[in-house]
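For reference, the structure discussed in these notes is given below.
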Amino acid sequence: MTDSRILLGVGAEGGARIARTAEDLVRHAFVTGASGSGKSSLILAAILGLLVARARVKVLVVDPKDELADNLLDTFLPALARARPELLDRLLVVDPFDPHACPPLNLLRPWPGVDEAMQAQLVAGSLADL
């Protein structure tokens, strides 16, 4: 593997290294598999790889079943805080089962470099599509 690829894991059979470029990982992803097959570990490896490899990337995790969020909050974040605390401010975890974990969202705050009328049009258009 070249240095530009992020190691996500090693295959259970044959030990094949599974890696992708950061560019591959910054797009939407869909991970499926049976219980215990390593989906959460794969996602956590991808998050860590992106945070380390791309200085400007920010990660949003939405977990509708609350399983990955639990793993992230109980194990991954404390380990990351010890090893690379500077990365924590670029990770946002949305836990829909925690009423206190709703991230702040202010659509009316001025967007840098965007005309106010254009911002108003974009916000109104986005809300109309909901």
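Residue numbering restarts at 1 in every chain; chains get A, B, ... in the order shown in the structure tokens, and ligands count up from 1 in that same order.
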If we count only C-alpha atoms and set the cut-off at 12 Å, which residues sit around segment 20-33 of chain A, ignoring sequence neighbours fewer than 6 positions away in its own chain? Please answer as a PDB file with N, CA and C atoms, in the first residue's frame.
ATOM      1  N   MET A   1       0.839  -1.176   0.000  1.00  0.00           N
ATOM      2  CA  MET A   1       0.000   0.000   0.000  1.00  0.00           C
ATOM      3  C   MET A   1       0.889   1.246   0.000  1.00  0.00           C
ATOM      4  N   THR A   2       0.443   2.243  -0.729  1.00  0.00           N
ATOM      5  CA  THR A   2       1.179   3.502  -0.717  1.00  0.00           C
ATOM      6  C   THR A   2       0.785   4.301   0.506  1.00  0.00           C
ATOM      7  N   ASP A   3       1.598   5.308   0.829  1.00  0.00           N
ATOM      8  CA  ASP A   3       1.338   6.131   2.000  1.00  0.00           C
ATOM      9  C   ASP A   3       0.051   6.940   1.881  1.00  0.00           C
ATOM     10  N   SER A   4      -0.459   7.157   0.655  1.00  0.00           N
ATOM     11  CA  SER A   4      -1.654   7.970   0.475  1.00  0.00           C
ATOM     12  C   SER A   4      -2.936   7.198   0.774  1.00  0.00           C
ATOM     13  N   ARG A   5      -2.816   5.920   1.069  1.00  0.00           N
ATOM     14  CA  ARG A   5      -4.003   5.110   1.362  1.00  0.00           C
ATOM     15  C   ARG A   5      -4.143   4.924   2.871  1.00  0.00           C
ATOM     16  N   ILE A   6      -5.390   4.873   3.309  1.00  0.00           N
ATOM     17  CA  ILE A   6      -5.699   4.711   4.729  1.00  0.00           C
ATOM     18  C   ILE A   6      -6.058   3.255   4.974  1.00  0.00           C
ATOM     19  N   LEU A   7      -5.311   2.617   5.866  1.00  0.00           N
ATOM     20  CA  LEU A   7      -5.572   1.216   6.194  1.00  0.00           C
ATOM     21  C   LEU A   7      -6.846   1.130   7.023  1.00  0.00           C
ATOM     22  N   LEU A   8      -7.816   0.362   6.535  1.00  0.00           N
ATOM     23  CA  LEU A   8      -9.089   0.199   7.224  1.00  0.00           C
ATOM     24  C   LEU A   8      -9.176  -1.107   7.987  1.00  0.00           C
ATOM     25  N   GLY A   9      -8.407  -2.083   7.572  1.00  0.00           N
ATOM     26  CA  GLY A   9      -8.445  -3.368   8.243  1.00  0.00           C
ATOM     27  C   GLY A   9      -7.682  -4.410   7.468  1.00  0.00           C
ATOM     28  N   LYS A  39     -18.262  -4.082  11.128  1.00  0.00           N
ATOM     29  CA  LYS A  39     -18.733  -2.832  10.529  1.00  0.00           C
ATOM     30  C   LYS A  39     -18.301  -1.622  11.362  1.00  0.00           C
ATOM     31  N   SER A  40     -18.522  -1.673  12.656  1.00  0.00           N
ATOM     32  CA  SER A  40     -18.153  -0.547  13.516  1.00  0.00           C
ATOM     33  C   SER A  40     -16.651  -0.320  13.513  1.00  0.00           C
ATOM     34  N   SER A  41     -15.885  -1.387  13.555  1.00  0.00           N
ATOM     35  CA  SER A  41     -14.423  -1.246  13.520  1.00  0.00           C
ATOM     36  C   SER A  41     -13.970  -0.612  12.213  1.00  0.00           C
ATOM     37  N   LEU A  42     -14.589  -0.997  11.104  1.00  0.00           N
ATOM     38  CA  LEU A  42     -14.262  -0.414   9.809  1.00  0.00           C
ATOM     39  C   LEU A  42     -14.563   1.075   9.796  1.00  0.00           C
ATOM     40  N   ILE A  43     -15.726   1.457  10.297  1.00  0.00           N
ATOM     41  CA  ILE A  43     -16.109   2.868  10.316  1.00  0.00           C
ATOM     42  C   ILE A  43     -15.186   3.669  11.228  1.00  0.00           C
ATOM     43  N   LEU A  44     -14.864   3.131  12.389  1.00  0.00           N
ATOM     44  CA  LEU A  44     -13.958   3.832  13.304  1.00  0.00           C
ATOM     45  C   LEU A  44     -12.567   3.983  12.700  1.00  0.00           C
ATOM     46  N   ALA A  45     -12.095   2.962  11.994  1.00  0.00           N
ATOM     47  CA  ALA A  45     -10.794   3.057  11.322  1.00  0.00           C
ATOM     48  C   ALA A  45     -10.828   4.132  10.244  1.00  0.00           C
ATOM     49  N   ALA A  46     -11.930   4.210   9.512  1.00  0.00           N
ATOM     50  CA  ALA A  46     -12.061   5.227   8.472  1.00  0.00           C
ATOM     51  C   ALA A  46     -12.080   6.630   9.076  1.00  0.00           C
ATOM     52  N   ILE A  47     -12.813   6.797  10.176  1.00  0.00           N
ATOM     53  CA  ILE A  47     -12.866   8.098  10.844  1.00  0.00           C
ATOM     54  C   ILE A  47     -11.478   8.513  11.312  1.00  0.00           C
ATOM     55  N   LEU A  48     -10.802   7.623  11.998  1.00  0.00           N
ATOM     56  CA  LEU A  48      -9.461   7.940  12.492  1.00  0.00           C
ATOM     57  C   LEU A  48      -8.515   8.244  11.335  1.00  0.00           C
ATOM     58  N   GLY A  49      -8.557   7.433  10.297  1.00  0.00           N
ATOM     59  CA  GLY A  49      -7.694   7.657   9.144  1.00  0.00           C
ATOM     60  C   GLY A  49      -7.932   8.995   8.492  1.00  0.00           C
ATOM     61  N   LEU A  50      -9.188   9.371   8.361  1.00  0.00           N
ATOM     62  CA  LEU A  50      -9.507  10.666   7.755  1.00  0.00           C
ATOM     63  C   LEU A  50      -9.062  11.822   8.637  1.00  0.00           C
ATOM     64  N   LEU A  51      -9.303  11.712   9.936  1.00  0.00           N
ATOM     65  CA  LEU A  51      -8.902  12.792  10.833  1.00  0.00           C
ATOM     66  C   LEU A  51      -7.395  13.002  10.814  1.00  0.00           C
ATOM     67  N   VAL A  52      -6.644  11.919  10.735  1.00  0.00           N
ATOM     68  CA  VAL A  52      -5.183  12.015  10.736  1.00  0.00           C
ATOM     69  C   VAL A  52      -4.652  12.461   9.374  1.00  0.00           C
ATOM     70  N   ALA A  53      -5.227  11.925   8.296  1.00  0.00           N
ATOM     71  CA  ALA A  53      -4.679  12.163   6.959  1.00  0.00           C
ATOM     72  C   ALA A  53      -5.077  13.498   6.357  1.00  0.00           C
ATOM     73  N   ARG A  54      -6.226  14.002   6.706  1.00  0.00           N
ATOM     74  CA  ARG A  54      -6.726  15.211   6.057  1.00  0.00           C
ATOM     75  C   ARG A  54      -6.936  16.300   7.089  1.00  0.00           C
ATOM     76  N   ALA A  55      -6.082  17.289   7.082  1.00  0.00           N
ATOM     77  CA  ALA A  55      -6.141  18.348   8.088  1.00  0.00           C
ATOM     78  C   ALA A  55      -7.452  19.130   8.037  1.00  0.00           C
ATOM     79  N   ARG A  56      -8.095  19.192   6.888  1.00  0.00           N
ATOM     80  CA  ARG A  56      -9.285  20.022   6.770  1.00  0.00           C
ATOM     81  C   ARG A  56     -10.590  19.231   6.833  1.00  0.00           C
ATOM     82  N   VAL A  57     -10.518  17.930   6.946  1.00  0.00           N
ATOM     83  CA  VAL A  57     -11.748  17.136   6.952  1.00  0.00           C
ATOM     84  C   VAL A  57     -12.426  17.224   8.325  1.00  0.00           C
ATOM     85  N   LYS A  58     -13.744  17.255   8.286  1.00  0.00           N
ATOM     86  CA  LYS A  58     -14.535  17.176   9.504  1.00  0.00           C
ATOM     87  C   LYS A  58     -15.441  15.971   9.342  1.00  0.00           C
ATOM     88  N   VAL A  59     -15.753  15.311  10.440  1.00  0.00           N
ATOM     89  CA  VAL A  59     -16.514  14.067  10.376  1.00  0.00           C
ATOM     90  C   VAL A  59     -17.814  14.238  11.141  1.00  0.00           C
ATOM     91  N   LEU A  60     -18.898  13.833  10.524  1.00  0.00           N
ATOM     92  CA  LEU A  60     -20.209  13.802  11.163  1.00  0.00           C
ATOM     93  C   LEU A  60     -20.652  12.350  11.211  1.00  0.00           C
ATOM     94  N   VAL A  61     -20.976  11.875  12.395  1.00  0.00           N
ATOM     95  CA  VAL A  61     -21.457  10.498  12.562  1.00  0.00           C
ATOM     96  C   VAL A  61     -22.906  10.560  13.005  1.00  0.00           C
ATOM     97  N   VAL A  62     -23.788   9.957  12.222  1.00  0.00           N
ATOM     98  CA  VAL A  62     -25.195   9.831  12.589  1.00  0.00           C
ATOM     99  C   VAL A  62     -25.479   8.343  12.727  1.00  0.00           C
TER     100      VAL A  62
END
Just want the 8 Å neighbourhood of Leu88 of chain A, counted on only C-alpha atoms, with same-chain residues fewer than 5 positions away dropped. Output as a PyMOL selection string. chain A and resi 77+80-81
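The spacing separating atom CA of Arg84 of chain A from atom CA of Asn71 of chain A amounts to 17.8 Å.
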Surrounding residues of Val123 of chain A excluding itself and chain neighbours under 3 positions, 12 Å, only C-alpha atoms, as a VMD selection string
chain A and resid 106 to 111 114 116 to 120 126 to 130
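Relative to atom CA of His100 of chain A, atom CA of Ala79 of chain A is found at 22.7 Å.
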Handout entry: All strand (DSSP E or B) residues (DSSP, backbone) inside chain A, as a VMD selection string
Key = chain A and resid 5 to 10 17 to 21 59 to 62 91 to 94
File of the preceding selection, C-alpha atoms, as an mmCIF file, in the first residue's frame:
data_model
loop_
_atom_site.group_PDB
_atom_site.id
_atom_site.type_symbol
_atom_site.label_atom_id
_atom_site.label_comp_id
_atom_site.auth_asym_id
_atom_site.auth_seq_id
_atom_site.Cartn_x
_atom_site.Cartn_y
_atom_site.Cartn_z
ATOM 1 C CA ARG A 5 -4.003 5.110 1.362
ATOM 2 C CA ILE A 6 -5.699 4.711 4.729
ATOM 3 C CA LEU A 7 -5.572 1.216 6.194
ATOM 4 C CA LEU A 8 -9.089 0.199 7.224
ATOM 5 C CA GLY A 9 -8.445 -3.368 8.243
ATOM 6 C CA VAL A 10 -7.025 -6.751 7.392
ATOM 7 C CA ARG A 17 -4.933 -5.350 3.621
ATOM 8 C CA ILE A 18 -8.026 -3.243 3.016
ATOM 9 C CA ALA A 19 -7.243 0.401 2.300
ATOM 10 C CA ARG A 20 -8.738 3.361 0.475
ATOM 11 C CA THR A 21 -7.577 6.857 -0.358
ATOM 12 C CA VAL A 59 -16.514 14.067 10.376
ATOM 13 C CA LEU A 60 -20.209 13.802 11.163
ATOM 14 C CA VAL A 61 -21.457 10.498 12.562
ATOM 15 C CA VAL A 62 -25.195 9.831 12.589
ATOM 16 C CA LEU A 91 -15.492 15.242 15.138
ATOM 17 C CA LEU A 92 -19.197 15.671 15.824
ATOM 18 C CA VAL A 93 -21.271 12.781 17.139
ATOM 19 C CA VAL A 94 -25.038 13.028 16.814
#
Where does DSSP see helix (DSSP H, G or I) in segment 7-42 of chain A, if you list the residues as a ChimeraX atom specification? /A:22-25,39-42
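Distances to Leu68 of chain A were evaluated for A:Pro112, A:Asp89, A:Gly38, A:Gly125 using only C-alpha atoms, and the minimum falls at A:Gly38.
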